[in-house]
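Following: one structure in structure tokens, then a few remarks.
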Amino acid sequence: MTAFPALRSAPIRRNAPRFRAGERLVPQSRLSGPMPWVIAIMIALTVVAAGGGLALRNLGEGARADIAGGLTVQILEAAPAERERQAQVAMAVLGNRDDVGKIRRVPEAELEALLEPWLGQQARGSEEPIPMPALIDVQVKGPLTTQRLEGLRASLAGAAPAARIDAQSGWLKPVFDAIASLQWLALGLIVLLAATSAAAVWLAARSALGSNRETIEIIHLLGATDRQIAGIFQRSIGTGAALGGFAGLLLGLAAIWLLGRQFSRLGSGMVAGGGLEPFDWAVLASIPLMGIALAIVTARMTVLGALRRTL
Amino acid sequence: MSEREGNIVKFESIGLRYGTEREVLSDVTFTLYPGCFYFLTGASGAGKTSLLRLLYLAQRPSRGIIRMFDTDVITVPRARLPAFRRRIGVVFQDFRLVPQLSAFDNVALPLRISGMPENEIRRAVGDMLDWVGLDQRAEARPATLSGGEQQRVAIARAVVGRPEVLVADEPTGNVDHEMALKLLRLFEALNRLGTTVVVATHDLQLLRKVPDSLIMRLDRGRLSDPTGALRYPPRREVAAR
């Protein structure tokens with residue numbers, strides 16, 4: 001052995017925050033364990049729940065936009081001639097109002113076709129047809145308030161006493177309420193899944209702290225700060241969460257794609273409005289990033305909390 | 001030499017107990033001066049390791065005051081302790097090498113913690129491994145090294161950052177006499193560069209090998225002072241080295 005190496009003429013920085021070799025200090029497999037798989041499942045479920053919630057939101061908004069300002073006028077008169085007269089008068093009255101945009105008389109053939117699944121052929125062309133109301137689709141300009149609805153009723157009351165006016169949004173209110181409930185359910189699921197993911201990371205970090213206690217104590221005594229030690233765990237758990245998050249995203253997107261295909265086959269007008277927009281796909285793609293951030297923050301808080309109990 | 005400039009570590013009436021047991025250290029008072037070489041002796045169970053743990057800030061005492069580098073380290077905020085630990089090199093009795101790291105990476109640990117650039121680390125660690133005669137074993141994992149080699153890696157790790165205080169707990173306990181002398185020469189070389197060295201040992205033969213050393217003796221948790229190291233400041237020429 002020779003004289004002490006004269007190699008440290010340059011001063012050592014005493015408070016440098018970065019610790020680059022951290023990843024190698026704690027073996028990745030011992031640190032992550034099953035955590036990436038748990039994260040993958042959680043992210044997949046979150047993506048499906050968020051996708052469902054976003055599709056429901058789009059469905060609701062689409063339906064609201066379609067029927068916003070829409071109302072239906074029914075002429076409930078059994079005598080065909082009188083019904084026809086009142087329908088003509090109602091068309092004329094509504095056509096003269098400034099606040100009414102579009103008016104369309106629903107053709108009798110369309111009405112019969114609508115009712116055929118329930119009433120059969122009796123609804124059309126039989127010798128004693130069931131009397132059906134005359135229907136007029138009306139689109140008012142601007143929002144349809146209760147006051148405006150009352151004004152329309154008043155204007156038709158004298159000219160077409162058999163007329164009954166209903167806002168289309170009123171019929172679908174229970175549907176909108178159900179959609180809103182499902183959206184809240186999706187949000188609740190996402191919160192629960194996030195909490196479960198955080199708990200999984202917390203357990204993984206605690207377990208890793210326990211199994212690497214000796215190494216942590218050594219680097220602690222060599223002068224590593226809590227932030228440096230937490231950084232080792234953050235990076236390792238972040239890597240595991242990134243792997244799990246990416247796998248979970250693929251799983252979730254595959255599930256949404258399959259569900260989307262199934263629903264599109266239904267061909268129902270309302271359900272068809274529940275597709276996902278490009279922005280929605282971007283939101284879904286960001287879920288693993290949020291999962292990774294959550295895992296890193298949880299790991300950091302867990303490790304810092306545990307280290308604070310040491311000297 | 002004023003009190004402020006003249007000491008690097010000062011223990012005052014230190015007591016240490018674990019749980020409700022009797023004190024393992026009682027009324028321990030001493031001062032370490034810069035550039036001196038201290039031996040801490042005593043029988044097994046006398047409290048040497050406990051005293052060293054206080055010295056390298058692995059533990060707080062139950063009572064008393066510890067000043068290091070002009071700071072009361074008992075009351076200093078926890079967040080400031082790592083900066084003090086980086087000024088202290090430690091050779092643990094059981095080496096405490098990180099098993100998954102090579103000899104090179106173990107020695108590099110304190111420098112990486114300090115944030116030294118990697119190219120400087122490579123040069124510094126290479127020189128240090130050469131100095132302890134392990135340049136050919138740089139990539140070996142601790143499990144594949146002999147006891148003596150592990151001990152030298154532990155010493156290289158302790159001194160690579162040029163600490164102001166070097167604390168070694170039975171550093172020659174696991175090596176033969178010839179290797180023990182070589183290790184002692186390493187500590188002396190570091191001491192000559194101005195590092196205060198504290199070596200805990202129960203090997204009385206070793207004490208005679210460092211002529212200018214000062215001896216502190218622990219006996220059932222109480223400190224005695226066979227060389228007067230505790231009662232009087234060290235000789236000026238020793239302290240000024």
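Following the order of the structure tokens, chains are lettered A, B, ..., residues in each are numbered from 1, and ligands are numbered from 1.
Within the 12 Å cut-off around Leu203 (chain A), using only C-alpha atoms and omitting residues fewer than 4 positions from it on the same chain, the listed residues are A:Leu31, A:Ser32, A:Gly33, A:Pro34, A:Met35, A:Val38, A:Thr196, A:Ser197, A:Ala198, A:Ala199, A:Ser207, A:Ala208, A:Leu209, A:Gly210, A:Ile237, A:Ala295, A:Thr298, A:Ala299, A:Thr302, A:Val303.
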Mind writing the picked residues with C-alpha atoms as a compact mmCIF listing (two decimals), in the first residue's frame?
# COMPACT_ATOMS: atom_id res chain seq x y z
CA LEU A 31 -38.88 -3.55 -4.14
CA SER A 32 -41.81 -3.87 -6.49
CA GLY A 33 -43.00 -7.46 -5.95
CA PRO A 34 -46.55 -7.91 -7.21
CA MET A 35 -47.18 -4.16 -7.11
CA VAL A 38 -51.92 -4.72 -8.88
CA THR A 196 -56.80 0.95 -3.39
CA SER A 197 -53.83 1.67 -5.67
CA ALA A 198 -52.36 4.04 -3.10
CA ALA A 199 -52.82 1.37 -0.42
CA SER A 207 -42.43 -4.02 2.69
CA ALA A 208 -39.47 -2.71 0.68
CA LEU A 209 -38.41 -0.52 3.59
CA GLY A 210 -38.46 -3.55 5.86
CA ILE A 237 -41.82 2.17 -7.51
CA ALA A 295 -47.69 5.84 -6.78
CA THR A 298 -47.52 7.65 -2.01
CA ALA A 299 -44.10 5.98 -1.99
CA THR A 302 -44.52 6.48 3.08
CA VAL A 303 -40.72 6.46 3.03
(request) Starting from chain B, keep only residues with some atom at most 8 Å from an atom of chain A, counting only C-alpha atoms, and report them as JSON, numbers by chain. (result) {"B": [56, 57, 58, 59, 60, 78, 79, 81, 82, 83, 84, 85, 86, 89, 90, 96, 97, 98, 100, 101, 109, 110, 111, 112, 113, 114, 115, 116, 123, 124, 127, 128, 130, 131, 132, 133, 161, 162, 182, 186, 189, 190]}
(request) Might you pull out every residue within 6 Å of region 32-34 of chain B, with only C-alpha atoms counted and same-chain residues fewer than 5 positions away left off, and present them as JSON, numbers by chain? (result) {"B": [7, 8, 9, 196]}
(request) Would you please extract all alpha helix (DSSP H) residues from region 43-202 of chain B, as assigned by DSSP on the backbone, and give them as a ChimeraX atom specification? (result) /B:48-55,81-85,103-114,118-131,147-159,177-192
Can you write out the residues you just picked, keeping C-alpha atoms, as a short mmCIF file (atom, residue, chain, number, x, y, z; two decimals), in the first residue's frame?
data_model
loop_
_atom_site.label_atom_id
_atom_site.label_comp_id
_atom_site.auth_asym_id
_atom_site.auth_seq_id
_atom_site.Cartn_x
_atom_site.Cartn_y
_atom_site.Cartn_z
CA LYS B 48 -17.11 1.18 23.08
CA THR B 49 -19.58 0.54 20.28
CA SER B 50 -22.26 2.62 22.02
CA LEU B 51 -19.86 5.52 22.35
CA LEU B 52 -18.86 5.23 18.71
CA ARG B 53 -22.54 5.16 17.66
CA LEU B 54 -22.95 8.49 19.41
CA LEU B 55 -19.84 9.74 17.62
CA LEU B 81 -27.66 15.74 10.49
CA PRO B 82 -26.73 14.25 7.07
CA ALA B 83 -24.38 17.20 6.46
CA PHE B 84 -22.58 16.32 9.71
CA ARG B 85 -22.51 12.61 8.89
CA ALA B 103 -16.46 -3.17 -4.22
CA PHE B 104 -16.14 -0.14 -6.51
CA ASP B 105 -19.74 0.95 -5.99
CA ASN B 106 -19.51 0.41 -2.23
CA VAL B 107 -16.49 2.69 -2.05
CA ALA B 108 -18.20 5.19 -4.34
CA LEU B 109 -21.30 5.44 -2.12
CA PRO B 110 -20.24 8.42 0.03
CA LEU B 111 -19.12 10.35 -3.06
CA ARG B 112 -22.37 9.65 -4.89
CA ILE B 113 -24.32 10.71 -1.83
CA SER B 114 -22.30 13.92 -1.84
CA GLU B 118 -19.18 10.51 -11.96
CA ASN B 119 -15.88 11.00 -13.79
CA GLU B 120 -14.27 12.31 -10.60
CA ILE B 121 -15.79 9.41 -8.67
CA ARG B 122 -14.22 6.90 -11.05
CA ARG B 123 -10.81 8.41 -10.58
CA ALA B 124 -11.11 8.84 -6.81
CA VAL B 125 -12.46 5.34 -6.19
CA GLY B 126 -9.89 3.78 -8.52
CA ASP B 127 -7.08 5.50 -6.61
CA MET B 128 -8.57 4.48 -3.29
CA LEU B 129 -8.94 0.83 -4.27
CA ASP B 130 -5.36 0.92 -5.52
CA TRP B 131 -4.33 2.39 -2.18
CA GLY B 147 -12.83 -10.94 5.44
CA GLY B 148 -9.66 -8.88 5.09
CA GLU B 149 -10.66 -7.65 1.64
CA GLN B 150 -14.11 -6.68 2.88
CA GLN B 151 -12.46 -4.83 5.75
CA ARG B 152 -10.28 -2.88 3.32
CA VAL B 153 -13.28 -2.01 1.15
CA ALA B 154 -15.03 -0.76 4.28
CA ILE B 155 -11.99 1.36 5.16
CA ALA B 156 -11.71 2.71 1.63
CA ARG B 157 -15.39 3.66 1.77
CA ALA B 158 -14.89 5.41 5.09
CA VAL B 159 -11.94 7.50 3.96
CA HIS B 177 -1.62 -9.32 12.54
CA GLU B 178 0.20 -8.39 9.36
CA MET B 179 -2.97 -7.03 7.77
CA ALA B 180 -3.86 -5.25 11.02
CA LEU B 181 -0.58 -3.36 10.85
CA LYS B 182 -1.18 -2.46 7.21
CA LEU B 183 -4.62 -1.12 8.05
CA LEU B 184 -3.16 0.87 10.89
CA ARG B 185 -0.67 2.42 8.48
CA LEU B 186 -3.65 3.49 6.34
CA PHE B 187 -5.21 5.25 9.30
CA GLU B 188 -1.92 6.91 10.15
CA ALA B 189 -1.53 8.13 6.58
CA LEU B 190 -4.99 9.65 6.73
CA ASN B 191 -4.26 11.11 10.15
CA ARG B 192 -1.14 12.78 8.77
#
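Proximity to Gln234 (chain A) at 8 Å, evaluated using only C-alpha atoms and with sequence-adjacent residues fewer than 6 positions away removed, yields Ile296, Val297, Ala299 and Arg300 of chain A.
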Quick one: write out the picked residues with C-alpha atoms as an mmCIF file, in the first residue's frame?
data_model
loop_
_atom_site.group_PDB
_atom_site.id
_atom_site.type_symbol
_atom_site.label_atom_id
_atom_site.label_comp_id
_atom_site.auth_asym_id
_atom_site.auth_seq_id
_atom_site.Cartn_x
_atom_site.Cartn_y
_atom_site.Cartn_z
ATOM 1 C CA ILE A 296 -44.645 8.116 -6.617
ATOM 2 C CA VAL A 297 -46.269 10.528 -4.171
ATOM 3 C CA ALA A 299 -44.104 5.979 -1.989
ATOM 4 C CA ARG A 300 -42.406 9.258 -1.132
#
(request) For Gln88 (chain A), list every protein, DNA or RNA residue within 12 Å, evaluated using only C-alpha atoms, and leave out those in the same chain fewer than 5 positions away; present the list as a PyMOL selection string. (result) chain A and resi 73+75+81-83+93-95+103-105+134-136+156+159-160+163
Output N, CA and C atoms of each residue in that selection to a file, as a PDB file, in the first residue's frame.
ATOM      1  N   VAL A  73     -96.730  19.036 -29.529  1.00  0.00           N
ATOM      2  CA  VAL A  73     -98.126  19.440 -29.373  1.00  0.00           C
ATOM      3  C   VAL A  73     -98.985  18.258 -29.853  1.00  0.00           C
ATOM      4  N   ILE A  75    -102.873  16.922 -30.507  1.00  0.00           N
ATOM      5  CA  ILE A  75    -104.283  17.320 -30.607  1.00  0.00           C
ATOM      6  C   ILE A  75    -105.090  16.074 -30.248  1.00  0.00           C
ATOM      7  N   ALA A  81    -112.199  15.063 -38.393  1.00  0.00           N
ATOM      8  CA  ALA A  81    -112.290  16.359 -39.049  1.00  0.00           C
ATOM      9  C   ALA A  81    -111.904  17.482 -38.093  1.00  0.00           C
ATOM     10  N   GLU A  82    -112.454  17.417 -36.885  1.00  0.00           N
ATOM     11  CA  GLU A  82    -112.154  18.441 -35.887  1.00  0.00           C
ATOM     12  C   GLU A  82    -110.675  18.411 -35.507  1.00  0.00           C
ATOM     13  N   ARG A  83    -110.148  17.180 -35.407  1.00  0.00           N
ATOM     14  CA  ARG A  83    -108.713  17.019 -35.070  1.00  0.00           C
ATOM     15  C   ARG A  83    -107.849  17.698 -36.130  1.00  0.00           C
ATOM     16  N   VAL A  93    -101.090  29.191 -35.604  1.00  0.00           N
ATOM     17  CA  VAL A  93    -100.802  30.014 -34.410  1.00  0.00           C
ATOM     18  C   VAL A  93     -99.308  29.948 -34.069  1.00  0.00           C
ATOM     19  N   LEU A  94     -98.794  28.743 -34.058  1.00  0.00           N
ATOM     20  CA  LEU A  94     -97.367  28.579 -33.687  1.00  0.00           C
ATOM     21  C   LEU A  94     -96.460  29.221 -34.728  1.00  0.00           C
ATOM     22  N   GLY A  95     -96.875  29.124 -36.001  1.00  0.00           N
ATOM     23  CA  GLY A  95     -96.061  29.690 -37.068  1.00  0.00           C
ATOM     24  C   GLY A  95     -95.965  31.202 -36.994  1.00  0.00           C
ATOM     25  N   ILE A 103     -91.368  24.122 -37.071  1.00  0.00           N
ATOM     26  CA  ILE A 103     -92.627  23.404 -36.789  1.00  0.00           C
ATOM     27  C   ILE A 103     -92.735  22.290 -37.820  1.00  0.00           C
ATOM     28  N   ARG A 104     -93.072  21.095 -37.323  1.00  0.00           N
ATOM     29  CA  ARG A 104     -93.243  19.985 -38.278  1.00  0.00           C
ATOM     30  C   ARG A 104     -94.436  19.137 -37.847  1.00  0.00           C
ATOM     31  N   ARG A 105     -95.310  18.972 -38.740  1.00  0.00           N
ATOM     32  CA  ARG A 105     -96.453  18.072 -38.489  1.00  0.00           C
ATOM     33  C   ARG A 105     -95.957  16.649 -38.720  1.00  0.00           C
ATOM     34  N   ALA A 134    -103.134  13.999 -33.391  1.00  0.00           N
ATOM     35  CA  ALA A 134    -102.246  14.647 -34.367  1.00  0.00           C
ATOM     36  C   ALA A 134    -101.045  15.173 -33.588  1.00  0.00           C
ATOM     37  N   LEU A 135     -99.850  14.965 -34.141  1.00  0.00           N
ATOM     38  CA  LEU A 135     -98.632  15.384 -33.430  1.00  0.00           C
ATOM     39  C   LEU A 135     -97.915  16.473 -34.215  1.00  0.00           C
ATOM     40  N   ILE A 136     -97.466  17.471 -33.470  1.00  0.00           N
ATOM     41  CA  ILE A 136     -96.689  18.553 -34.094  1.00  0.00           C
ATOM     42  C   ILE A 136     -95.380  18.698 -33.294  1.00  0.00           C
ATOM     43  N   LEU A 156    -102.540  28.699 -27.461  1.00  0.00           N
ATOM     44  CA  LEU A 156    -103.276  27.637 -28.175  1.00  0.00           C
ATOM     45  C   LEU A 156    -104.618  27.306 -27.530  1.00  0.00           C
ATOM     46  N   ALA A 159    -107.724  28.700 -29.603  1.00  0.00           N
ATOM     47  CA  ALA A 159    -107.818  28.263 -30.992  1.00  0.00           C
ATOM     48  C   ALA A 159    -107.893  26.745 -31.129  1.00  0.00           C
ATOM     49  N   ALA A 160    -107.180  26.031 -30.288  1.00  0.00           N
ATOM     50  CA  ALA A 160    -107.186  24.557 -30.386  1.00  0.00           C
ATOM     51  C   ALA A 160    -107.328  23.982 -28.982  1.00  0.00           C
ATOM     52  N   ALA A 163    -105.590  20.818 -27.750  1.00  0.00           N
ATOM     53  CA  ALA A 163    -104.122  20.731 -27.826  1.00  0.00           C
ATOM     54  C   ALA A 163    -103.506  20.516 -26.441  1.00  0.00           C
TER      55      ALA A 163
END
